[in-house]
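Engineer: Got a structure for you, protein31.txt, holding compact mmCIF, C-alpha atoms and all ligand atoms.
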```txt
# COMPACT_ATOMS: atom_id res chain seq x y z
CA MET A 14 -29.59 -26.57 27.37
CA ILE A 15 -28.79 -25.37 23.86
CA GLY A 16 -29.97 -21.91 24.84
CA LYS A 17 -27.43 -21.81 27.66
CA GLN A 18 -24.61 -22.77 25.30
CA ILE A 19 -25.59 -20.08 22.84
CA LEU A 20 -25.61 -17.63 25.72
CA TYR A 21 -22.09 -18.77 26.66
CA LEU A 22 -20.94 -18.26 23.09
CA LEU A 23 -22.60 -14.96 22.30
CA VAL A 24 -22.93 -13.05 25.55
CA PHE A 25 -20.85 -14.15 28.51
CA PRO A 26 -18.00 -15.12 28.49
CA GLY A 27 -17.97 -15.22 24.70
CA LEU A 28 -18.47 -12.60 22.03
CA LEU A 29 -20.12 -9.64 23.73
CA PHE A 30 -18.17 -9.66 26.98
CA THR A 31 -14.81 -10.12 25.30
CA CYS A 32 -15.48 -7.47 22.66
CA VAL A 33 -16.61 -4.84 25.14
CA LEU A 34 -13.81 -5.56 27.59
CA GLY A 35 -11.27 -5.73 24.77
CA LEU A 36 -12.34 -2.40 23.30
CA LEU A 37 -12.21 -0.76 26.74
CA ILE A 38 -8.74 -2.20 27.36
CA GLY A 39 -7.75 -0.92 23.93
CA TRP A 40 -8.80 2.53 25.12
CA LEU A 41 -6.79 2.08 28.33
CA ASP A 42 -3.78 1.21 26.21
CA ARG A 43 -4.18 4.31 24.06
CA LYS A 44 -4.79 6.51 27.10
CA VAL A 45 -1.74 5.24 28.98
CA SER A 46 0.37 5.52 25.84
CA ALA A 47 -0.87 9.11 25.50
CA SER A 48 0.14 9.95 29.05
CA PHE A 49 3.56 8.43 28.36
CA GLN A 50 3.91 11.14 25.72
CA PHE A 51 2.31 13.89 27.88
CA ARG A 52 -0.85 13.98 25.79
CA VAL A 53 -4.51 13.85 26.75
CA GLY A 54 -5.46 10.85 24.66
CA PRO A 55 -8.75 9.71 23.16
CA PRO A 56 -12.13 9.64 24.95
CA ILE A 57 -13.28 6.39 26.53
CA PHE A 58 -15.62 5.24 23.76
CA GLN A 59 -13.14 6.02 20.98
CA ASN A 60 -12.64 2.38 19.97
CA PHE A 61 -16.40 1.78 19.80
CA ASN A 62 -16.74 4.80 17.53
CA ASP A 63 -13.94 3.51 15.32
CA ILE A 64 -15.55 0.10 15.00
CA PHE A 65 -19.05 1.44 14.30
CA LYS A 66 -17.66 3.84 11.76
CA LEU A 67 -15.78 1.07 9.97
CA LEU A 68 -18.89 -1.11 9.94
CA GLY A 69 -20.75 1.57 7.99
CA LYS A 70 -18.12 2.19 5.34
CA GLU A 71 -17.78 0.75 1.88
CA VAL A 72 -15.99 -2.57 1.35
CA ILE A 73 -13.62 -2.49 -1.58
CA LEU A 74 -12.90 -5.83 -3.19
CA ILE A 75 -10.14 -5.85 -5.75
CA LYS A 76 -11.08 -7.40 -9.06
CA ASP A 77 -8.00 -9.42 -9.97
CA THR A 78 -7.42 -11.05 -6.59
CA ASN A 79 -8.82 -14.08 -4.85
CA ILE A 80 -11.89 -12.37 -3.42
CA THR A 81 -13.22 -15.44 -1.59
CA VAL A 82 -10.06 -15.98 0.42
CA PHE A 83 -9.64 -12.25 0.91
CA ALA A 84 -13.10 -11.90 2.44
CA LEU A 85 -13.15 -15.18 4.35
CA ALA A 86 -9.84 -14.69 6.19
CA PRO A 87 -11.12 -12.04 8.66
CA ILE A 88 -14.38 -13.92 9.16
CA ALA A 89 -12.51 -17.13 9.98
CA ALA A 90 -10.17 -15.30 12.34
CA PHE A 91 -13.14 -13.67 14.05
CA SER A 92 -15.01 -16.92 14.58
CA VAL A 93 -11.91 -18.62 16.00
CA MET A 94 -11.45 -15.67 18.35
CA VAL A 95 -15.06 -15.98 19.55
CA PHE A 96 -14.60 -19.70 20.16
CA LEU A 97 -11.34 -19.10 22.03
CA SER A 98 -12.84 -16.39 24.19
CA MET A 99 -15.72 -18.69 25.10
CA SER A 100 -13.59 -21.69 26.00
CA ILE A 101 -11.10 -19.67 28.05
CA GLY A 102 -13.90 -17.78 29.77
CA LEU A 103 -15.70 -21.01 30.64
CA VAL A 104 -12.56 -22.33 32.35
CA LEU A 105 -12.01 -19.09 34.23
CA PHE A 106 -15.54 -18.21 35.29
CA TYR A 107 -17.33 -21.55 35.45
CA GLY A 108 -14.54 -24.13 35.86
CA LEU A 109 -15.69 -25.99 32.76
CA GLY A 110 -13.14 -27.54 30.45
CA PHE A 111 -12.45 -30.71 28.58
CA GLY A 112 -9.66 -33.29 28.67
CA GLY A 113 -7.04 -31.97 26.27
CA ASP A 114 -7.97 -28.38 25.75
CA ILE A 115 -4.52 -26.86 26.24
CA ILE A 116 -3.40 -28.59 23.03
CA VAL A 117 -6.44 -27.26 21.15
CA MET A 118 -5.65 -23.80 22.51
CA MET A 119 -2.06 -23.99 21.28
CA TYR A 120 -3.36 -24.75 17.78
CA LEU A 121 -6.03 -22.06 17.84
CA PHE A 122 -3.75 -19.32 19.14
CA MET A 123 -1.71 -19.80 16.00
CA PHE A 124 -4.78 -19.38 13.85
CA PHE A 125 -4.98 -15.61 13.99
CA SER A 126 -1.48 -15.29 12.54
CA VAL A 127 -2.32 -17.87 9.88
CA ALA A 128 -5.45 -15.92 8.93
CA ILE A 129 -3.41 -12.71 8.71
CA ILE A 130 -0.92 -14.46 6.45
CA ILE A 131 -3.68 -15.85 4.20
CA GLY A 132 -5.60 -12.58 4.05
CA GLY A 133 -2.46 -10.53 3.46
CA SER A 134 -1.25 -12.71 0.63
CA ALA A 135 -4.70 -12.92 -0.97
CA SER A 136 -4.93 -9.16 -1.39
CA GLY A 137 -2.32 -9.18 -4.14
CA ASN A 138 -0.54 -6.10 -2.88
CA VAL A 139 3.25 -6.12 -2.72
CA LEU A 140 3.44 -4.47 0.68
CA SER A 141 0.72 -6.75 2.06
CA SER A 142 2.54 -9.86 0.97
CA LEU A 143 5.77 -8.49 2.44
CA GLY A 144 3.91 -8.03 5.71
CA ALA A 145 2.52 -11.55 5.45
CA GLY A 146 6.05 -12.86 4.95
CA ARG A 147 7.19 -11.05 8.05
CA GLU A 148 4.24 -12.47 9.96
CA ILE A 149 5.37 -15.99 8.99
CA LYS A 150 8.85 -15.31 10.32
CA LEU A 151 7.47 -13.84 13.53
CA LEU A 152 5.24 -16.88 13.97
CA LEU A 153 8.26 -19.16 13.50
CA ALA A 154 10.11 -17.12 16.08
CA ASP A 155 7.56 -17.03 18.89
CA GLU A 156 5.80 -20.36 18.43
CA LEU A 157 8.64 -22.51 19.82
CA ALA A 158 9.01 -20.43 22.97
CA PHE A 159 5.23 -20.28 23.40
CA ILE A 160 4.79 -24.07 23.24
CA LEU A 161 7.72 -24.56 25.62
CA ILE A 162 6.18 -22.27 28.24
CA CYS A 163 2.83 -24.02 27.85
CA LEU A 164 4.61 -27.23 28.88
CA ILE A 165 5.77 -25.80 32.22
CA PRO A 166 2.31 -25.74 33.91
CA ILE A 167 1.55 -29.16 32.40
CA ILE A 168 4.65 -30.64 34.04
CA LYS A 169 4.11 -28.83 37.33
CA SER A 170 0.49 -29.97 37.61
CA GLY A 171 1.58 -33.59 37.26
CA TYR A 172 1.12 -33.99 33.49
CA LEU A 173 -2.50 -32.84 33.25
CA LEU A 174 -3.70 -31.39 29.94
CA GLY A 175 -7.03 -29.84 30.86
CA LEU A 176 -7.01 -26.12 31.58
CA ASN A 177 -9.36 -26.40 34.53
CA GLU A 178 -7.29 -29.27 35.92
CA ILE A 179 -4.28 -26.96 35.78
CA VAL A 180 -6.28 -24.30 37.65
CA ILE A 181 -7.30 -26.84 40.31
CA ALA A 182 -3.68 -28.00 40.65
CA GLN A 183 -2.79 -24.44 41.62
CA SER A 184 -5.32 -24.15 44.42
CA ASP A 185 -2.53 -24.38 47.01
CA GLY A 186 -0.22 -21.75 45.50
CA ALA A 187 0.04 -20.40 41.97
CA PHE A 188 2.87 -21.57 39.72
CA ILE A 189 4.24 -18.04 39.45
CA GLY A 190 5.59 -18.46 42.99
CA SER A 191 8.19 -20.99 41.83
CA ILE A 192 11.28 -20.18 39.78
CA SER A 193 10.21 -22.21 36.76
CA GLY A 194 6.75 -20.67 36.86
CA PHE A 195 8.23 -17.19 36.96
CA ILE A 196 10.48 -17.92 33.98
CA GLY A 197 7.47 -19.31 32.13
CA PHE A 198 5.42 -16.19 32.84
CA LEU A 199 8.21 -13.88 31.74
CA VAL A 200 8.76 -15.65 28.42
CA GLY A 201 5.02 -16.03 27.95
CA LEU A 202 4.52 -12.28 28.32
CA LEU A 203 7.02 -11.64 25.53
CA CYS A 204 5.44 -14.34 23.37
CA ILE A 205 1.97 -12.85 23.58
CA GLN A 206 3.46 -9.46 22.82
CA ALA A 207 4.77 -11.00 19.61
CA LYS A 208 1.56 -12.89 18.89
CA MET A 209 -0.49 -9.72 19.20
CA THR A 210 2.12 -7.90 17.06
CA LEU A 211 2.43 -5.14 19.61
CA PRO A 212 5.56 -3.00 19.78
CA PRO A 213 8.44 -3.93 19.84
CA PHE A 214 7.21 -6.81 17.64
CA HIS A 215 4.87 -4.89 15.31
CA ILE A 216 7.15 -5.91 12.48
CA PRO A 217 4.42 -7.20 10.09
CA GLU A 218 2.32 -4.07 10.13
CA ALA A 219 5.15 -1.55 10.35
CA GLU A 220 3.18 1.65 9.64
CA THR A 221 6.19 3.59 8.51
CA GLU A 222 7.41 1.41 5.69
CA LEU A 223 4.70 -1.17 5.03
CA ALA A 224 1.63 1.01 5.71
CA GLU A 225 -0.31 -1.47 7.89
CA GLY A 226 1.18 -4.47 6.07
CA PRO A 227 -1.30 -7.35 5.65
CA LEU A 228 -4.30 -5.16 6.51
CA MET A 229 -3.44 -2.60 3.86
CA GLU A 230 -6.12 -3.51 1.30
CA TYR A 231 -8.90 -4.11 3.81
CA SER A 232 -11.61 -1.52 4.25
CA GLY A 233 -14.98 -1.13 5.92
CA PRO A 234 -16.55 -4.05 7.82
CA LEU A 235 -13.76 -6.49 6.95
CA LEU A 236 -11.22 -4.17 8.53
CA ALA A 237 -13.56 -3.77 11.50
CA LEU A 238 -13.46 -7.56 11.98
CA TRP A 239 -9.66 -7.51 12.06
CA LYS A 240 -9.70 -4.65 14.54
CA ILE A 241 -12.19 -6.44 16.78
CA CYS A 242 -10.00 -9.56 16.69
CA GLN A 243 -6.99 -7.52 17.70
CA HIS A 244 -8.92 -6.04 20.61
CA MET A 245 -10.29 -9.40 21.71
CA MET A 246 -6.72 -10.63 22.03
CA TRP A 247 -6.24 -8.04 24.79
CA VAL A 248 -8.59 -10.24 26.81
CA ILE A 249 -7.85 -13.75 25.58
CA PHE A 250 -4.08 -13.84 25.98
CA PRO A 251 -3.89 -12.31 29.49
CA PHE A 252 -6.67 -14.68 30.62
CA PHE A 253 -4.69 -17.60 29.24
CA LEU A 254 -1.59 -16.53 31.18
CA ILE A 255 -3.73 -16.15 34.30
CA ILE A 256 -4.94 -19.72 33.89
CA LEU A 257 -1.45 -21.08 33.32
CA PHE A 258 0.52 -19.23 35.99
CA PHE A 259 -1.77 -17.26 38.32
CA GLY A 260 -4.15 -20.03 39.30
CA GLY A 261 -7.26 -18.65 37.60
CA PHE A 262 -9.92 -16.56 39.27
CA ASN A 263 -11.55 -17.20 42.64
CA LEU A 264 -14.71 -15.16 42.29
CA VAL A 265 -15.93 -14.91 45.87
CA GLY A 266 -15.45 -11.98 48.22
CA ILE A 267 -11.94 -10.55 48.12
CA GLY A 268 -11.12 -12.92 45.26
CA ILE A 269 -12.85 -10.58 42.80
CA LEU A 270 -10.37 -7.85 43.69
CA TRP A 271 -7.50 -10.27 43.26
CA ALA A 272 -8.86 -11.33 39.88
CA ILE A 273 -8.97 -7.72 38.67
CA LEU A 274 -5.49 -7.10 40.07
CA LYS A 275 -4.03 -10.09 38.23
CA TYR A 276 -5.54 -8.96 34.95
CA VAL A 277 -4.49 -5.33 35.38
CA LEU A 278 -0.95 -6.38 36.31
CA ILE A 279 -0.51 -8.26 33.03
CA ILE A 280 -2.10 -5.45 31.00
CA VAL A 281 0.11 -2.82 32.61
CA LEU A 282 3.25 -4.87 32.01
CA MET A 283 2.27 -5.26 28.36
CA ILE A 284 1.59 -1.55 27.94
CA ILE A 285 4.92 -0.65 29.56
CA ILE A 286 6.83 -3.02 27.28
CA LYS A 287 4.90 -1.61 24.34
CA ASN A 288 5.69 2.00 25.11
CA THR A 289 9.33 1.75 26.05
CA ASN A 290 10.65 -0.20 23.08
CA PRO A 291 11.11 0.80 19.45
CA ARG A 292 10.44 -1.68 16.69
CA ILE A 293 13.15 -4.28 16.21
CA GLN A 294 14.27 -5.86 12.96
CA ILE A 295 12.92 -9.24 11.95
CA ASP A 296 16.30 -10.95 12.32
CA THR A 297 16.72 -9.44 15.78
CA ALA A 298 13.32 -10.84 16.73
CA LEU A 299 14.26 -14.30 15.46
CA LYS A 300 17.57 -14.12 17.27
CA PHE A 301 15.89 -12.94 20.45
CA PHE A 302 13.35 -15.75 20.54
CA TRP A 303 15.61 -18.56 19.34
CA ARG A 304 18.78 -17.61 21.14
CA TYR A 305 17.48 -16.23 24.43
CA ALA A 306 13.76 -16.82 25.04
CA SER A 307 13.54 -20.47 23.96
CA PRO A 308 16.62 -21.64 25.92
CA LEU A 309 15.27 -19.76 28.92
CA ALA A 310 11.95 -21.58 28.55
CA LEU A 311 13.88 -24.86 28.23
CA ILE A 312 15.68 -24.09 31.50
CA GLY A 313 12.24 -23.45 32.98
CA ILE A 314 11.09 -26.89 31.82
CA ILE A 315 14.16 -28.58 33.34
CA LEU A 316 13.55 -26.76 36.61
CA ALA A 317 9.89 -27.78 36.49
CA VAL A 318 10.87 -31.43 36.02
CA LEU A 319 13.23 -31.11 38.98
CA GLY A 320 10.32 -29.65 40.93
CA VAL A 321 11.74 -26.18 41.60
CA MET B 6 -27.87 8.57 9.09
CA GLY B 7 -27.61 11.07 11.93
CA TRP B 8 -26.37 8.45 14.35
CA TYR B 9 -23.79 7.17 11.91
CA ASN B 10 -22.56 10.65 11.09
CA LYS B 11 -21.96 11.27 14.78
CA ARG B 12 -19.84 8.11 14.97
CA LEU B 13 -17.97 9.20 11.85
CA ALA B 14 -17.39 12.66 13.30
CA LYS B 15 -15.75 11.14 16.35
CA SER B 16 -13.34 8.99 14.41
CA LEU B 17 -11.92 10.67 11.34
CA TRP B 18 -8.89 8.83 10.03
CA VAL B 19 -6.80 11.03 7.81
CA PHE B 20 -4.62 10.07 4.91
CA HIS B 21 -2.00 12.39 3.56
CA VAL B 22 -2.08 12.93 -0.21
CA SER B 23 0.85 14.91 -1.43
CA GLY B 24 0.09 16.39 -4.84
CA SER B 25 3.30 18.23 -5.78
CA PRO B 26 3.47 20.75 -2.95
CA CYS B 27 6.57 22.73 -2.06
CA ASN B 28 6.67 20.33 0.91
CA ASN B 29 6.03 23.00 3.50
CA CYS B 30 2.37 22.11 3.98
CA ASP B 31 3.33 18.45 4.49
CA ILE B 32 5.69 19.45 7.27
CA GLU B 33 2.89 21.44 8.89
CA ILE B 34 0.61 18.39 8.67
CA LEU B 35 3.27 16.33 10.38
CA ASP B 36 3.48 19.04 13.04
CA LEU B 37 -0.26 18.72 13.50
CA LEU B 38 0.13 15.05 14.34
CA THR B 39 2.80 15.54 16.99
CA PRO B 40 2.00 15.12 20.71
CA LYS B 41 1.85 18.89 21.19
CA TYR B 42 -1.45 19.30 19.34
CA ASP B 43 -2.70 15.81 20.27
CA VAL B 44 -5.42 15.38 17.65
CA GLU B 45 -6.05 11.87 18.96
CA ARG B 46 -8.31 13.39 21.59
CA LEU B 47 -10.65 14.32 18.71
CA GLY B 48 -10.38 10.77 17.40
CA ILE B 49 -8.18 11.75 14.47
CA LYS B 50 -5.57 9.22 13.45
CA LEU B 51 -3.08 9.14 10.61
CA VAL B 52 -3.43 5.93 8.63
CA GLY B 53 -0.89 4.55 6.22
CA SER B 54 -3.29 3.09 3.69
CA VAL B 55 -5.86 4.98 1.65
CA ARG B 56 -8.30 2.07 2.02
CA GLN B 57 -8.81 3.02 5.66
CA ALA B 58 -9.10 6.77 5.21
CA ASP B 59 -12.08 9.00 5.95
CA VAL B 60 -10.40 12.29 5.16
CA LEU B 61 -7.88 12.97 2.44
CA LEU B 62 -5.57 15.85 3.28
CA VAL B 63 -4.50 17.08 -0.14
CA THR B 64 -1.56 19.45 -0.36
CA GLY B 65 -0.01 21.22 -3.26
CA VAL B 66 -1.03 22.46 -6.66
CA PHE B 67 -2.34 19.80 -9.04
CA ASN B 68 -0.24 19.58 -12.15
CA ASN B 69 -0.85 17.46 -15.20
CA LYS B 70 1.42 14.74 -13.93
CA VAL B 71 -0.10 14.15 -10.47
CA ALA B 72 -3.75 14.94 -11.26
CA PRO B 73 -4.55 11.42 -12.57
CA LYS B 74 -2.82 9.92 -9.55
CA ILE B 75 -4.81 12.03 -7.11
CA LYS B 76 -7.98 11.03 -8.93
CA LYS B 77 -6.97 7.37 -8.63
CA LEU B 78 -6.28 7.73 -4.91
CA TYR B 79 -9.67 9.33 -4.42
CA GLU B 80 -11.34 6.46 -6.24
CA GLN B 81 -9.46 3.94 -4.10
CA ALA B 82 -10.74 5.40 -0.85
CA PRO B 83 -13.89 3.79 0.58
CA LYS B 84 -16.87 6.15 0.59
CA PRO B 85 -17.94 8.26 2.47
CA VAL B 86 -14.68 10.16 2.21
CA PHE B 87 -14.00 13.87 2.59
CA VAL B 88 -11.34 15.89 0.86
CA VAL B 89 -9.68 18.73 2.73
CA ALA B 90 -7.35 20.88 0.66
CA VAL B 91 -4.49 22.15 2.79
CA GLY B 92 -2.73 25.37 1.85
CA THR B 93 -3.18 28.13 -0.66
CA CYS B 94 -1.82 25.91 -3.44
CA PRO B 95 -4.95 23.80 -3.99
CA ALA B 96 -7.16 26.80 -3.28
CA SER B 97 -5.76 29.27 -5.80
CA GLY B 98 -2.52 27.98 -7.24
CA CYS B 99 -0.33 30.17 -5.09
CA THR B 100 3.07 30.84 -6.66
CA PHE B 101 2.53 28.11 -9.24
CA LYS B 102 -0.64 29.57 -10.65
CA ASP B 103 0.91 30.67 -13.95
CA SER B 104 3.00 27.57 -14.33
CA TYR B 105 2.76 25.76 -17.68
CA ASN B 106 1.51 22.43 -16.29
CA THR B 107 -0.95 23.51 -13.62
CA VAL B 108 -4.41 22.00 -13.92
CA GLU B 109 -6.90 24.78 -14.60
CA LYS B 110 -9.84 23.59 -12.53
CA ARG B 111 -8.92 21.48 -9.54
CA GLU B 112 -12.56 20.72 -8.82
CA ASP B 113 -12.70 18.70 -12.00
CA VAL B 114 -10.08 16.30 -10.67
CA ILE B 115 -11.69 15.48 -7.34
CA PRO B 116 -14.52 17.13 -5.38
CA ILE B 117 -12.99 19.22 -2.62
CA ASP B 118 -15.09 19.66 0.51
CA MET B 119 -13.03 22.19 2.39
CA TYR B 120 -10.15 24.58 1.85
CA ILE B 121 -7.67 25.66 4.49
CA PRO B 122 -5.90 28.79 3.24
CA GLY B 123 -2.42 29.74 4.35
CA CYS B 124 1.02 29.28 2.93
CA PRO B 125 1.47 27.05 4.86
CA PRO B 126 -1.54 27.09 7.24
CA LYS B 127 -0.81 26.81 10.94
CA PRO B 128 -1.71 23.55 12.69
CA GLU B 129 -4.26 25.54 14.70
CA ALA B 130 -5.99 26.52 11.46
CA MET B 131 -6.12 22.88 10.41
CA ILE B 132 -7.61 21.85 13.75
CA GLU B 133 -10.22 24.56 13.34
CA ALA B 134 -11.06 23.28 9.87
CA VAL B 135 -11.42 19.73 11.11
CA ALA B 136 -13.58 20.96 13.98
CA LYS B 137 -15.80 22.68 11.40
CA LEU B 138 -16.05 19.42 9.47
CA ILE B 139 -17.05 17.64 12.67
CA GLY B 140 -19.64 20.36 13.27
CA VAL B 141 -21.09 19.80 9.79
CA LEU B 142 -21.27 16.07 10.36
CA ASN B 143 -22.99 16.55 13.68
CA GLY B 144 -25.56 18.74 11.93
S1 LIG C 1 0.45 26.47 0.05
FE1 LIG C 1 2.46 27.39 0.24
S2 LIG C 1 3.52 26.14 1.73
FE2 LIG C 1 1.77 24.94 1.02
S3 LIG C 1 2.55 23.72 -0.65
FE3 LIG C 1 1.74 25.58 -1.54
S4 LIG C 1 3.49 26.95 -1.70
FE4 LIG C 1 4.05 25.31 -0.26
```
Show this structure as structure tokens.
Ligand code: SF4

Structural biologist:
Amino acid sequence: MIGKQILYLLVFPGLLFTCVLGLLIGWLDRKVSASFQFRVGPPIFQNFNDIFKLLGKEVILIKDTNITVFALAPIAAFSVMVFLSMSIGLVLFYGLGFGGDIIVMMYLFMFFSVAIIIGGSASGNVLSSLGAGREIKLLLADELAFILICLIPIIKSGYLLGLNEIVIAQSDGAFIGSISGFIGFLVGLLCIQAKMTLPPFHIPEAETELAEGPLMEYSGPLLALWKICQHMMWVIFPFFLIILFFGGFNLVGIGILWAILKYVLIIVLMIIIKNTNPRIQIDTALKFFWRYASPLALIGIILAVLGV
Amino acid sequence: MGWYNKRLAKSLWVFHVSGSPCNNCDIEILDLLTPKYDVERLGIKLVGSVRQADVLLVTGVFNNKVAPKIKKLYEQAPKPVFVVAVGTCPASGCTFKDSYNTVEKREDVIPIDMYIPGCPPKPEAMIEAVAKLIGVLNG
């Protein structure tokens, strides 16, 4: 029994599966971005090489900073990511979930940003702490809209809080087919773009002026942990959207093809948004989420209550 | 170590150290990183922080003012790190060789693994140099 749970956590659908898929999707992202710019792009195992290389390099800890917090932040983020990947994968592939897990998910999704903020401010670098400050503002911006869109499937499924109950509620038609579901998906896509700090919301790590921002002082294996977390999010967030709005996976026969199509659709949309938008300012991001995205999500909730 | 070196050879992240050049070499380095030459297919990426660098691209002649800073940057980079000197400046001093504040022996400041001559070198020459470095790493 315990052995099975460890297998869930470490192999499938937890750590190993999510890492490998995430790194491959990271390659897909780089390759598609390269073809947007008429380049060839990196080879398929580029991300694996990057990670293995980082794992073998020296870790530099800075003397007059809080070394414990500095080193523990990526480890904490990584373990939360592994837990998230396991619980979302269990819902998707095995239909296992527990009573209130959507609320736990909403908390845990925030954790990566919190870890970035803690790690960035612990490094004692001016640019890092600036990046951490920007991350806080971005979190304030996207969190409201994200929670609002999480409420839409809850309302539409008849006030159920379990993720697998939401999937079962969609067995006769996914929520994306309704107007409120579509609005929720649209806003959700932008929110995860901001949560993953992808362009146009890569404000915290702004390479040009902040030089990687909060990750600036990290090197070697600790940086590798951050990079793995960022790649795992390429799997976790699209899977979460699939649970909420696409009715999960139905892994028999033609359903496997549908499952892959759903995932690829979300990935492609994210890559297109990423490649066609320049970075926006932090106040524009706040304005965008508070003035447009959150009211839109609120309209979605009202429509969901009305049953549209 | 052979296996690790092969991984390292496939993912060299470069950091640009500008040690008082005439700025022409820096422009050529930026040219190198444009889509036309597409060094990402070799796994090369420009990083903004020296803590993540595997290769330091050093341009310009070292004078008394920047030499300590270059040394500091080198010490901040996580090992193993390689230093590639871009241009004739770090190789021989170029037009600044008789200047009053030029450091006599650049090898005393930081160990330089590779020189790319040219004033400024073409991006093709830099790619060739990096390919040679990859060849060395692969044994
Ligand atoms: S090598 Fe030539 S082009 Fe490069 S920095 Fe020196 S003088 Fe300028």

Engineer: Given a cut-off of 7 Å, what residues near ligand LIG 1 (chain C) show up using all atoms listed in the file, put as a compact mmCIF listing (two decimals) with C-alpha atoms, in the frame of the given file?

Structural biologist:
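Final file, result_1.txt:
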```txt
# COMPACT_ATOMS: atom_id res chain seq x y z
CA PRO B 26 3.47 20.75 -2.95
CA CYS B 27 6.57 22.73 -2.06
CA ASN B 28 6.67 20.33 0.91
CA ASN B 29 6.03 23.00 3.50
CA CYS B 30 2.37 22.11 3.98
CA THR B 64 -1.56 19.45 -0.36
CA GLY B 65 -0.01 21.22 -3.26
CA VAL B 66 -1.03 22.46 -6.66
CA GLY B 92 -2.73 25.37 1.85
CA THR B 93 -3.18 28.13 -0.66
CA CYS B 94 -1.82 25.91 -3.44
CA CYS B 99 -0.33 30.17 -5.09
CA THR B 100 3.07 30.84 -6.66
CA GLY B 123 -2.42 29.74 4.35
CA CYS B 124 1.02 29.28 2.93
CA PRO B 125 1.47 27.05 4.86
```

Engineer: Could you list, as a ChimeraX atom specification, the residues of chain A having an atom within 6 Å of chain B when counting all atoms listed in the file?

Structural biologist: /A:52,54-55,62-63,66,71,224,229,232

Engineer: Which residues, written as a list in words, have at least one atom at most 8 Å from stretch 71-78 of chain B, with all atoms listed in the file counted and residues fewer than 5 positions away on the same chain left out?

Structural biologist: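 The contact residues come out as Val22, Gly24, Ser25, Val55, Val108, Val114 and Ile115 of chain B.
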
Engineer: Return as AutoDock Vina command-line options the centre and edge lengths, in Å with one decimal, of the box along x, y and z that encloses every atom of stretch 125-131 of chain A in the file, padded by 8 Å per side.

Structural biologist:
```
--center_x -3.2 --center_y -15.3 --center_z 9.1 --size_x 20.5 --size_y 21.2 --size_z 25.8
```

Engineer: Neighbouring residues of A:Leu278 were defined as those with any atom within 12 Å, considering only C-alpha atoms; residues of the same chain fewer than 5 positions away were excluded. Please report them as a list in words.

Structural biologist: Leu202, Pro251, Phe252, Leu254, Ile255, Phe259, Trp271, Ala272, Ile273, Met283, Ile284 and Ile285 of chain A

Engineer: One number please: atom CA of B:Gly98 to atom CA of B:Ala134, in Å, one decimal.

Structural biologist: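 The value is 19.7 Å.
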
Engineer: Take the point (-17.0, -3.9, 12.0) in the file's coordinates, draw a sphere of radius 10 Å around it, and report as a PyMOL selection string every protein, DNA or RNA residue with an atom inside or on it, counting all atoms listed in the file.

Structural biologist: chain A and resi 61+63-70+232-241

Engineer: Dump C-alpha atoms for the selected residues as an mmCIF file, keeping the file's coordinate frame?

Structural biologist:
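Contents of out_16.cif, as written:
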```cif
data_model
loop_
_atom_site.group_PDB
_atom_site.id
_atom_site.type_symbol
_atom_site.label_atom_id
_atom_site.label_comp_id
_atom_site.auth_asym_id
_atom_site.auth_seq_id
_atom_site.Cartn_x
_atom_site.Cartn_y
_atom_site.Cartn_z
ATOM 1 C CA PHE A 61 -16.400 1.780 19.800
ATOM 2 C CA ASP A 63 -13.940 3.510 15.320
ATOM 3 C CA ILE A 64 -15.550 0.100 15.000
ATOM 4 C CA PHE A 65 -19.050 1.440 14.300
ATOM 5 C CA LYS A 66 -17.660 3.840 11.760
ATOM 6 C CA LEU A 67 -15.780 1.070 9.970
ATOM 7 C CA LEU A 68 -18.890 -1.110 9.940
ATOM 8 C CA GLY A 69 -20.750 1.570 7.990
ATOM 9 C CA LYS A 70 -18.120 2.190 5.340
ATOM 10 C CA SER A 232 -11.610 -1.520 4.250
ATOM 11 C CA GLY A 233 -14.980 -1.130 5.920
ATOM 12 C CA PRO A 234 -16.550 -4.050 7.820
ATOM 13 C CA LEU A 235 -13.760 -6.490 6.950
ATOM 14 C CA LEU A 236 -11.220 -4.170 8.530
ATOM 15 C CA ALA A 237 -13.560 -3.770 11.500
ATOM 16 C CA LEU A 238 -13.460 -7.560 11.980
ATOM 17 C CA TRP A 239 -9.660 -7.510 12.060
ATOM 18 C CA LYS A 240 -9.700 -4.650 14.540
ATOM 19 C CA ILE A 241 -12.190 -6.440 16.780
#
```

Engineer: Nearest to B:Leu38 among B:Pro128, B:Pro122, B:Pro95, B:Gly140, with distances taken over all atoms listed in the file: which residue is it?

Structural biologist: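 Of B:Pro128, B:Pro122, B:Pro95, B:Gly140, the one nearest B:Leu38 is B:Pro128, counting all atoms listed in the file.
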
Engineer: Could you tell me which of A:Ile162, A:Ala89, A:Thr78, A:Tyr107 comes closest to A:Ser134 if we count only C-alpha atoms?

Structural biologist: A:Thr78

Engineer: What is the distance, in Å and to one decimal place, between atom CA of A:Asp114 and atom CA of A:Val93?

Structural biologist: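 Going from atom CA of A:Asp114 over to atom CA of A:Val93 covers 14.3 Å.
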